[in-house]
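Peer 1: start.pdb is reproduced in full below (PDB, C-alpha atoms (C1' of nucleotides)).
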ATOM      1  CA  MET A  21      -6.944 -36.720 -22.107
ATOM      2  CA  LYS A  22      -5.716 -36.479 -18.522
ATOM      3  CA  LEU A  23      -4.863 -33.212 -16.816
ATOM      4  CA  ALA A  24      -3.609 -32.658 -13.287
ATOM      5  CA  THR A  25      -2.789 -29.872 -10.858
ATOM      6  CA  TRP A  26      -0.265 -29.905  -8.015
ATOM      7  CA  ASN A  27       1.022 -27.224  -5.687
ATOM      8  CA  VAL A  28       4.566 -28.539  -5.199
ATOM      9  CA  ASN A  29       5.802 -25.980  -2.613
ATOM     10  CA  SER A  30       9.218 -25.532  -4.264
ATOM     11  CA  LEU A  31       9.948 -27.328  -7.517
ATOM     12  CA  LYS A  32      13.628 -27.409  -6.590
ATOM     13  CA  VAL A  33      12.880 -29.621  -3.600
ATOM     14  CA  ARG A  34      10.025 -31.544  -5.215
ATOM     15  CA  LEU A  35      11.434 -32.266  -8.698
ATOM     16  CA  PRO A  36      12.200 -35.930  -7.819
ATOM     17  CA  HIS A  37       8.600 -36.368  -6.642
ATOM     18  CA  VAL A  38       7.266 -34.730  -9.793
ATOM     19  CA  LEU A  39       9.376 -36.952 -12.068
ATOM     20  CA  ASP A  40       8.409 -40.097 -10.141
ATOM     21  CA  TRP A  41       4.768 -39.103 -10.186
ATOM     22  CA  LEU A  42       4.784 -38.427 -13.948
ATOM     23  CA  ALA A  43       6.437 -41.797 -14.574
ATOM     24  CA  ALA A  44       3.657 -43.503 -12.625
ATOM     25  CA  ASN A  45       0.909 -41.145 -13.871
ATOM     26  CA  PRO A  46       1.710 -40.179 -17.460
ATOM     27  CA  VAL A  47      -0.872 -37.400 -17.704
ATOM     28  CA  ASP A  48      -1.060 -35.219 -20.806
ATOM     29  CA  VAL A  49      -0.884 -31.975 -18.844
ATOM     30  CA  LEU A  50       0.396 -31.174 -15.347
ATOM     31  CA  CYS A  51      -0.107 -27.696 -13.891
ATOM     32  CA  LEU A  52       2.232 -26.695 -11.069
ATOM     33  CA  GLN A  53       1.970 -23.945  -8.471
ATOM     34  CA  GLU A  54       4.424 -22.505  -5.949
ATOM     35  CA  THR A  55       7.445 -23.481  -8.010
ATOM     36  CA  LYS A  56       9.357 -20.726  -6.124
ATOM     37  CA  GLN A  57      11.926 -20.675  -8.909
ATOM     38  CA  GLN A  58      13.030 -17.950 -11.258
ATOM     39  CA  ASP A  59      12.772 -18.881 -14.918
ATOM     40  CA  SER A  60      16.546 -19.189 -15.372
ATOM     41  CA  ASP A  61      16.553 -22.048 -12.819
ATOM     42  CA  PHE A  62      13.549 -23.943 -14.210
ATOM     43  CA  PRO A  63      14.439 -27.646 -14.728
ATOM     44  CA  GLN A  64      13.347 -27.681 -18.363
ATOM     45  CA  ALA A  65      15.977 -30.221 -19.489
ATOM     46  CA  GLU A  66      15.098 -32.787 -16.819
ATOM     47  CA  LEU A  67      11.410 -32.525 -17.680
ATOM     48  CA  GLN A  68      12.139 -32.719 -21.403
ATOM     49  CA  ALA A  69      14.125 -35.910 -20.762
ATOM     50  CA  ALA A  70      11.013 -37.284 -19.042
ATOM     51  CA  GLY A  71       8.974 -36.494 -22.154
ATOM     52  CA  TYR A  72       7.392 -33.206 -21.109
ATOM     53  CA  HIS A  73       7.451 -29.760 -22.643
ATOM     54  CA  SER A  74       7.184 -26.918 -20.176
ATOM     55  CA  VAL A  75       6.090 -23.303 -20.070
ATOM     56  CA  PHE A  76       6.606 -21.400 -16.856
ATOM     57  CA  SER A  77       6.416 -18.082 -15.085
ATOM     58  CA  GLY A  78       8.376 -17.940 -11.870
ATOM     59  CA  GLN A  79      10.089 -15.753  -9.339
ATOM     60  CA  LYS A  80      12.369 -16.177  -6.334
ATOM     61  CA  THR A  81      10.982 -17.439  -3.034
ATOM     62  CA  TYR A  82       7.268 -16.988  -3.686
ATOM     63  CA  ASN A  83       4.566 -18.031  -6.154
ATOM     64  CA  GLY A  84       5.499 -19.348  -9.599
ATOM     65  CA  VAL A  85       3.397 -21.454 -11.999
ATOM     66  CA  ALA A  86       4.139 -23.876 -14.832
ATOM     67  CA  ILE A  87       2.394 -26.121 -17.334
ATOM     68  CA  LEU A  88       4.080 -29.407 -18.276
ATOM     69  CA  SER A  89       2.686 -31.206 -21.313
ATOM     70  CA  ARG A  90       3.221 -34.111 -23.711
ATOM     71  CA  GLU A  91       2.184 -31.899 -26.616
ATOM     72  CA  SER A  92       3.861 -28.524 -26.942
ATOM     73  CA  ALA A  93       1.773 -25.581 -25.772
ATOM     74  CA  SER A  94       0.510 -22.815 -28.029
ATOM     75  CA  ASP A  95      -0.870 -19.313 -27.380
ATOM     76  CA  VAL A  96       0.825 -19.065 -24.012
ATOM     77  CA  GLN A  97      -0.507 -16.310 -21.774
ATOM     78  CA  PHE A  98       1.371 -15.071 -18.709
ATOM     79  CA  GLY A  99      -0.688 -13.406 -16.002
ATOM     80  CA  ILE A 100      -4.190 -11.948 -16.286
ATOM     81  CA  PRO A 101      -4.315  -9.555 -19.264
ATOM     82  CA  ASP A 102      -4.519  -5.871 -18.291
ATOM     83  CA  HIS A 103      -4.141  -6.775 -14.625
ATOM     84  CA  ALA A 104      -0.745  -5.590 -13.455
ATOM     85  CA  ASP A 105       0.618  -7.992 -10.850
ATOM     86  CA  GLU A 106       4.230  -8.672  -9.915
ATOM     87  CA  GLN A 107       3.241 -11.981  -8.372
ATOM     88  CA  LYS A 108       3.551 -14.883 -10.808
ATOM     89  CA  ARG A 109       0.229 -16.631 -10.358
ATOM     90  CA  VAL A 110      -1.233 -17.374 -13.788
ATOM     91  CA  ILE A 111      -0.143 -19.182 -16.935
ATOM     92  CA  ALA A 112      -2.458 -20.370 -19.703
ATOM     93  CA  ALA A 113      -1.920 -22.369 -22.886
ATOM     94  CA  THR A 114      -3.842 -24.113 -25.636
ATOM     95  CA  PHE A 115      -3.643 -27.802 -26.531
ATOM     96  CA  THR A 116      -5.257 -29.711 -29.354
ATOM     97  CA  SER A 117      -6.201 -33.277 -28.553
ATOM     98  CA  GLY A 118      -6.899 -34.103 -32.211
ATOM     99  CA  SER A 119      -6.575 -32.448 -35.590
ATOM    100  CA  ILE A 120      -9.962 -30.750 -35.377
ATOM    101  CA  ALA A 121      -9.686 -27.089 -34.445
ATOM    102  CA  SER A 122     -12.821 -27.190 -32.267
ATOM    103  CA  ASP A 123     -11.164 -29.879 -30.121
ATOM    104  CA  ARG A 124      -8.650 -27.395 -28.809
ATOM    105  CA  ILE A 125      -8.644 -27.026 -25.053
ATOM    106  CA  ARG A 126      -7.611 -23.914 -23.175
ATOM    107  CA  VAL A 127      -5.737 -24.761 -19.984
ATOM    108  CA  VAL A 128      -5.548 -22.071 -17.308
ATOM    109  CA  CYS A 129      -3.208 -22.727 -14.376
ATOM    110  CA  VAL A 130      -3.741 -20.507 -11.319
ATOM    111  CA  TYR A 131      -2.225 -19.949  -7.915
ATOM    112  CA  VAL A 132      -4.901 -17.922  -6.163
ATOM    113  CA  PRO A 133      -3.606 -15.636  -3.378
ATOM    114  CA  ASN A 134      -3.833 -17.088   0.108
ATOM    115  CA  GLY A 135      -5.169 -13.960   1.787
ATOM    116  CA  GLN A 136      -3.476 -14.620   5.134
ATOM    117  CA  SER A 137      -6.507 -13.578   7.253
ATOM    118  CA  VAL A 138      -9.814 -11.861   6.598
ATOM    119  CA  ASP A 139      -8.628  -8.588   8.168
ATOM    120  CA  SER A 140      -5.441  -8.490   6.089
ATOM    121  CA  ASP A 141      -4.623  -6.309   3.077
ATOM    122  CA  LYS A 142      -3.708  -9.604   1.417
ATOM    123  CA  TYR A 143      -7.303 -10.740   1.782
ATOM    124  CA  HIS A 144      -8.474  -7.620  -0.025
ATOM    125  CA  TYR A 145      -5.904  -8.340  -2.750
ATOM    126  CA  LYS A 146      -7.205 -11.913  -2.976
ATOM    127  CA  LEU A 147     -10.810 -10.809  -3.555
ATOM    128  CA  LYS A 148      -9.812  -8.196  -6.145
ATOM    129  CA  TRP A 149      -7.600 -10.749  -7.862
ATOM    130  CA  LEU A 150     -10.494 -13.205  -8.058
ATOM    131  CA  VAL A 151     -12.705 -10.543  -9.662
ATOM    132  CA  ALA A 152     -10.011  -9.902 -12.283
ATOM    133  CA  LEU A 153      -9.719 -13.649 -12.928
ATOM    134  CA  HIS A 154     -13.489 -13.936 -13.314
ATOM    135  CA  ASP A 155     -13.722 -11.023 -15.735
ATOM    136  CA  TRP A 156     -10.872 -12.353 -17.866
ATOM    137  CA  LEU A 157     -12.270 -15.886 -17.968
ATOM    138  CA  LYS A 158     -15.643 -14.547 -19.062
ATOM    139  CA  GLU A 159     -13.906 -13.232 -22.194
ATOM    140  CA  GLU A 160     -11.654 -16.255 -22.510
ATOM    141  CA  LEU A 161     -14.653 -18.607 -22.583
ATOM    142  CA  THR A 162     -16.044 -16.823 -25.643
ATOM    143  CA  ARG A 163     -12.744 -17.523 -27.443
ATOM    144  CA  TYR A 164     -12.251 -21.001 -25.994
ATOM    145  CA  PRO A 165     -15.527 -22.799 -25.198
ATOM    146  CA  LYS A 166     -13.527 -25.803 -23.971
ATOM    147  CA  LEU A 167     -11.618 -24.455 -21.000
ATOM    148  CA  VAL A 168     -10.103 -26.105 -17.924
ATOM    149  CA  LEU A 169      -9.215 -24.013 -14.867
ATOM    150  CA  LEU A 170      -6.798 -25.897 -12.635
ATOM    151  CA  GLY A 171      -4.902 -24.864  -9.584
ATOM    152  CA  ASP A 172      -4.574 -23.987  -5.955
ATOM    153  CA  TYR A 173      -7.662 -21.845  -5.374
ATOM    154  CA  ASN A 174      -7.015 -21.320  -1.663
ATOM    155  CA  ILE A 175     -10.795 -21.674  -1.220
ATOM    156  CA  ALA A 176     -12.656 -24.590   0.325
ATOM    157  CA  PRO A 177     -15.997 -24.182  -1.507
ATOM    158  CA  GLU A 178     -18.266 -25.914   1.008
ATOM    159  CA  ASP A 179     -18.211 -27.116   4.604
ATOM    160  CA  ARG A 180     -17.803 -30.708   3.426
ATOM    161  CA  ASP A 181     -14.432 -29.604   2.028
ATOM    162  CA  VAL A 182     -13.231 -28.708   5.541
ATOM    163  CA  HIS A 183     -12.193 -31.199   8.244
ATOM    164  CA  ASP A 184     -13.567 -28.992  11.049
ATOM    165  CA  PRO A 185     -16.057 -26.442   9.664
ATOM    166  CA  ILE A 186     -16.861 -25.059  13.130
ATOM    167  CA  ALA A 187     -13.238 -24.259  13.922
ATOM    168  CA  TRP A 188     -12.698 -22.794  10.449
ATOM    169  CA  GLN A 189     -15.944 -20.799  10.270
ATOM    170  CA  GLY A 190     -15.393 -17.302   8.873
ATOM    171  CA  ASN A 191     -11.669 -17.951   8.499
ATOM    172  CA  VAL A 192      -9.615 -17.190   5.423
ATOM    173  CA  LEU A 193      -9.982 -20.010   2.835
ATOM    174  CA  VAL A 194     -13.600 -20.638   3.858
ATOM    175  CA  SER A 195     -15.083 -17.160   4.390
ATOM    176  CA  GLU A 196     -18.319 -16.288   2.613
ATOM    177  CA  PRO A 197     -16.881 -13.606   0.262
ATOM    178  CA  GLU A 198     -14.301 -16.101  -1.021
ATOM    179  CA  ARG A 199     -16.902 -18.800  -1.454
ATOM    180  CA  GLN A 200     -19.037 -16.291  -3.347
ATOM    181  CA  GLN A 201     -16.120 -15.688  -5.720
ATOM    182  CA  PHE A 202     -15.895 -19.436  -6.286
ATOM    183  CA  LYS A 203     -19.619 -19.481  -7.084
ATOM    184  CA  ASN A 204     -19.124 -16.584  -9.487
ATOM    185  CA  LEU A 205     -16.633 -18.717 -11.421
ATOM    186  CA  ALA A 206     -19.200 -21.523 -11.449
ATOM    187  CA  GLN A 207     -21.744 -19.092 -12.887
ATOM    188  CA  LEU A 208     -19.522 -18.672 -15.919
ATOM    189  CA  GLY A 209     -20.395 -22.279 -16.669
ATOM    190  CA  LEU A 210     -17.372 -23.764 -14.939
ATOM    191  CA  ARG A 211     -18.119 -26.958 -13.048
ATOM    192  CA  ASP A 212     -16.188 -28.476 -10.176
ATOM    193  CA  SER A 213     -15.202 -31.749 -11.876
ATOM    194  CA  PHE A 214     -14.572 -33.438  -8.511
ATOM    195  CA  ARG A 215     -18.248 -33.083  -7.612
ATOM    196  CA  LEU A 216     -19.467 -34.545 -10.898
ATOM    197  CA  PHE A 217     -18.710 -37.941  -9.368
ATOM    198  CA  GLU A 218     -19.399 -39.759  -6.149
ATOM    199  CA  GLN A 219     -16.502 -39.171  -3.774
ATOM    200  CA  ALA A 220     -15.424 -40.430  -0.397
ATOM    201  CA  GLU A 221     -16.382 -38.225   2.540
ATOM    202  CA  LYS A 222     -13.580 -36.134   4.021
ATOM    203  CA  SER A 223     -11.697 -35.837   0.741
ATOM    204  CA  TYR A 224      -9.035 -33.140   0.948
ATOM    205  CA  SER A 225      -6.101 -31.902  -1.148
ATOM    206  CA  TRP A 226      -4.058 -30.050   1.499
ATOM    207  CA  TRP A 227      -2.961 -30.876   5.038
ATOM    208  CA  ASP A 228      -0.871 -28.716   7.368
ATOM    209  CA  TYR A 229       2.644 -30.002   7.954
ATOM    210  CA  ARG A 230       2.121 -29.540  11.671
ATOM    211  CA  MET A 231       0.201 -31.430  14.345
ATOM    212  CA  MET A 232       0.243 -34.669  12.327
ATOM    213  CA  ALA A 233      -2.571 -33.187  10.280
ATOM    214  CA  PHE A 234      -2.191 -35.625   7.384
ATOM    215  CA  ARG A 235      -2.214 -38.710   9.582
ATOM    216  CA  ARG A 236      -5.338 -37.379  11.305
ATOM    217  CA  ASN A 237      -6.835 -36.296   7.972
ATOM    218  CA  HIS A 238      -7.187 -32.713   9.200
ATOM    219  CA  GLY A 239      -7.294 -31.231   5.720
ATOM    220  CA  LEU A 240      -9.007 -28.881   3.312
ATOM    221  CA  ARG A 241     -10.034 -29.327  -0.315
ATOM    222  CA  ILE A 242      -8.609 -26.179  -1.877
ATOM    223  CA  ASP A 243      -7.090 -27.518  -5.120
ATOM    224  CA  HIS A 244      -9.666 -27.755  -7.870
ATOM    225  CA  ILE A 245     -10.239 -28.534 -11.522
ATOM    226  CA  LEU A 246     -13.126 -26.592 -13.026
ATOM    227  CA  ILE A 247     -14.267 -27.487 -16.544
ATOM    228  CA  SER A 248     -16.472 -25.562 -18.927
ATOM    229  CA  GLU A 249     -19.911 -26.897 -19.906
ATOM    230  CA  PRO A 250     -18.874 -28.332 -23.323
ATOM    231  CA  LEU A 251     -16.426 -30.623 -21.471
ATOM    232  CA  VAL A 252     -18.829 -31.925 -18.828
ATOM    233  CA  ALA A 253     -20.410 -34.668 -20.939
ATOM    234  CA  GLN A 254     -17.028 -36.130 -21.865
ATOM    235  CA  CYS A 255     -15.575 -35.950 -18.345
ATOM    236  CA  LYS A 256     -14.813 -39.482 -17.131
ATOM    237  CA  SER A 257     -13.324 -39.002 -13.675
ATOM    238  CA  CYS A 258     -11.757 -36.646 -11.171
ATOM    239  CA  VAL A 259      -9.635 -37.993  -8.332
ATOM    240  CA  ILE A 260      -7.325 -36.743  -5.610
ATOM    241  CA  ASP A 261      -4.098 -38.751  -5.460
ATOM    242  CA  LYS A 262      -2.964 -38.852  -1.835
ATOM    243  CA  ALA A 263       0.086 -41.034  -2.540
ATOM    244  CA  PRO A 264       2.685 -38.241  -2.904
ATOM    245  CA  ARG A 265       1.643 -36.772   0.474
ATOM    246  CA  LYS A 266       2.936 -39.968   2.114
ATOM    247  CA  LEU A 267       6.485 -39.623   0.747
ATOM    248  CA  GLU A 268       9.505 -38.243   2.600
ATOM    249  CA  ARG A 269       9.608 -34.420   2.445
ATOM    250  CA  PRO A 270       6.242 -34.116   0.712
ATOM    251  CA  SER A 271       4.521 -31.011  -0.539
ATOM    252  CA  ASP A 272       1.675 -30.071   1.788
ATOM    253  CA  HIS A 273      -0.647 -30.337  -1.262
ATOM    254  CA  THR A 274      -1.315 -33.426  -3.313
ATOM    255  CA  PRO A 275      -2.279 -33.835  -7.003
ATOM    256  CA  VAL A 276      -5.798 -33.700  -8.413
ATOM    257  CA  VAL A 277      -6.370 -35.447 -11.749
ATOM    258  CA  VAL A 278      -9.195 -35.131 -14.252
ATOM    259  CA  GLU A 279      -9.854 -37.401 -17.224
ATOM    260  CA  LEU A 280     -11.646 -35.905 -20.216
TER     261      LEU A 280
ATOM    262  C1'  DA B  29      -3.402 -16.693  22.847
ATOM    263  C1'  DT B  30       0.315 -18.971  20.503
ATOM    264  C1'  DG B  31       2.904 -22.371  18.111
ATOM    265  C1'  DA B  32       3.397 -26.376  15.757
ATOM    266  C1'  DC B  33       6.296 -27.628  10.125
ATOM    267  C1'  DG B  34       8.691 -26.688   5.961
ATOM    268  C1'  DG B  35      10.947 -23.719   2.488
ATOM    269  C1'  DA B  36      13.675 -19.625   1.181
ATOM    270  C1'  DA B  37      16.936 -16.143   1.933
ATOM    271  C1'  DG B  38      21.210 -15.965   3.577
ATOM    272  C1'  DT B  39      23.713 -16.045   7.988
ATOM    273  C1'  DT B  40      21.345 -16.885  12.600
ATOM    274  C1'  DT B  41      16.854 -15.059  12.350
ATOM    275  C1'  DT B  42      12.884 -13.661   9.788
ATOM    276  C1'  DC B  43       9.026 -13.994   6.621
ATOM    277  C1'  DC B  44       5.455 -16.598   4.686
ATOM    278  C1'  DG B  45       2.311 -20.305   3.620
ATOM    279  C1'  DA B  46      -2.821 -22.270   4.478
TER     280       DA B  46
END
Could you rewrite the structure in this file as structure tokens?

Peer 2:
Amino acid sequence: MKLATWNVNSLKVRLPHVLDWLAANPVDVLCLQETKQQDSDFPQAELQAAGYHSVFSGQKTYNGVAILSRESASDVQFGIPDHADEQKRVIAATFTSGSIASDRIRVVCVYVPNGQSVDSDKYHYKLKWLVALHDWLKEELTRYPKLVLLGDYNIAPEDRDVHDPIAWQGNVLVSEPERQQFKNLAQLGLRDSFRLFEQAEKSYSWWDYRMMAFRRNHGLRIDHILISEPLVAQCKSCVIDKAPRKLERPSDHTPVVVEL
DNA sequence: ATGACGGAAGTTTTCCGA
């Protein structure tokens, strides 16, 4: 089973890239962030024609998440339960790889708040949001031992995930309180699947549009796929696919793919 | 210190992302 995550920075603009990528990479599940599309505009028919079901939770201009899948989703959850939030940042669904009930996998797609800067109210919102996510997932893991948490975390967990750790030190996306929140998720038994395998140095998932950052590989690894302990033994690979970042009018993020 | 690029809204200029 292959699952992927991709912050597309507007699904309206990026739909051709998504369809091309799915044709070349027929994953079972693709989680999208920053669709920036209200639900009435979601391109469900085009995705269905490409062989994918979709569940989505969007809004105008900002945020918006979706799960595309070969198999239809069940038990779809929108947002973090009992955590009022107008920003569409979470969608979760269950998939069954086989006929055995215990094989069911809970897929949680997240678009973690950016935080803007460490002295911003948005940063405070980000940290509170991450606590709410943690507390919900703690419960969710008791119901679904096999759980995959995919998305744009807006956190580079370690200095090796940052092209210039000195310049970024203490900044939003790398600050210690955010990294602590990432570790708190890990303490639930969620493992960074990318780090289960040997990886090239300077592997990133996001590059600024400006200053030729992609060409110079001035990036951050902020898009992650965390998997619960019962999935670790069966995990075969986790890779970042840089190809879509090289296309015309790319998203600033690129897909991450895990094989279970 | 600031902007750089790209998208959206929506109308010519602003907000936001990471």

Peer 1: Please check the contacts: residues of chain A at most 10 Å away from chain B, using all atoms listed in the file, listed as a VMD selection string.

Peer 2: chain A and resid 29 to 30 33 56 80 to 82 134 to 137 174 to 175 192 to 193 226 to 232 240 242 269 to 272

Peer 1: Measuring atom to atom with only C-alpha atoms, identify which of A:Trp156, A:Glu198, A:Glu54, A:Phe217 is nearest to A:Gln97.

Peer 2: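 The answer is A:Trp156, which sits nearest to A:Gln97.
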
Peer 1: Please, what distance in Å, to one decimal, runs between atom CA of A:Ala187 and atom CA of A:Leu170?

Peer 2: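 Result for atom CA of A:Ala187 versus atom CA of A:Leu170: 27.4 Å, one decimal.
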
Peer 1: Give me, as number ranges by chain, all polymer residues having an atom no more than 10 Å from A:Gly190, counting only C-alpha atoms (C1' of nucleotides) and skipping those fewer than 5 positions away in the same chain.

Peer 2: A: 137-138, 185, 195-197

Peer 1: Which value, in Å to one decimal, gives the distance between atom CA of A:Arg215 and atom CA of A:His183?

Peer 2: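 Atom-to-atom, atom CA of A:Arg215 and atom CA of A:His183 are spaced 17.1 Å apart.
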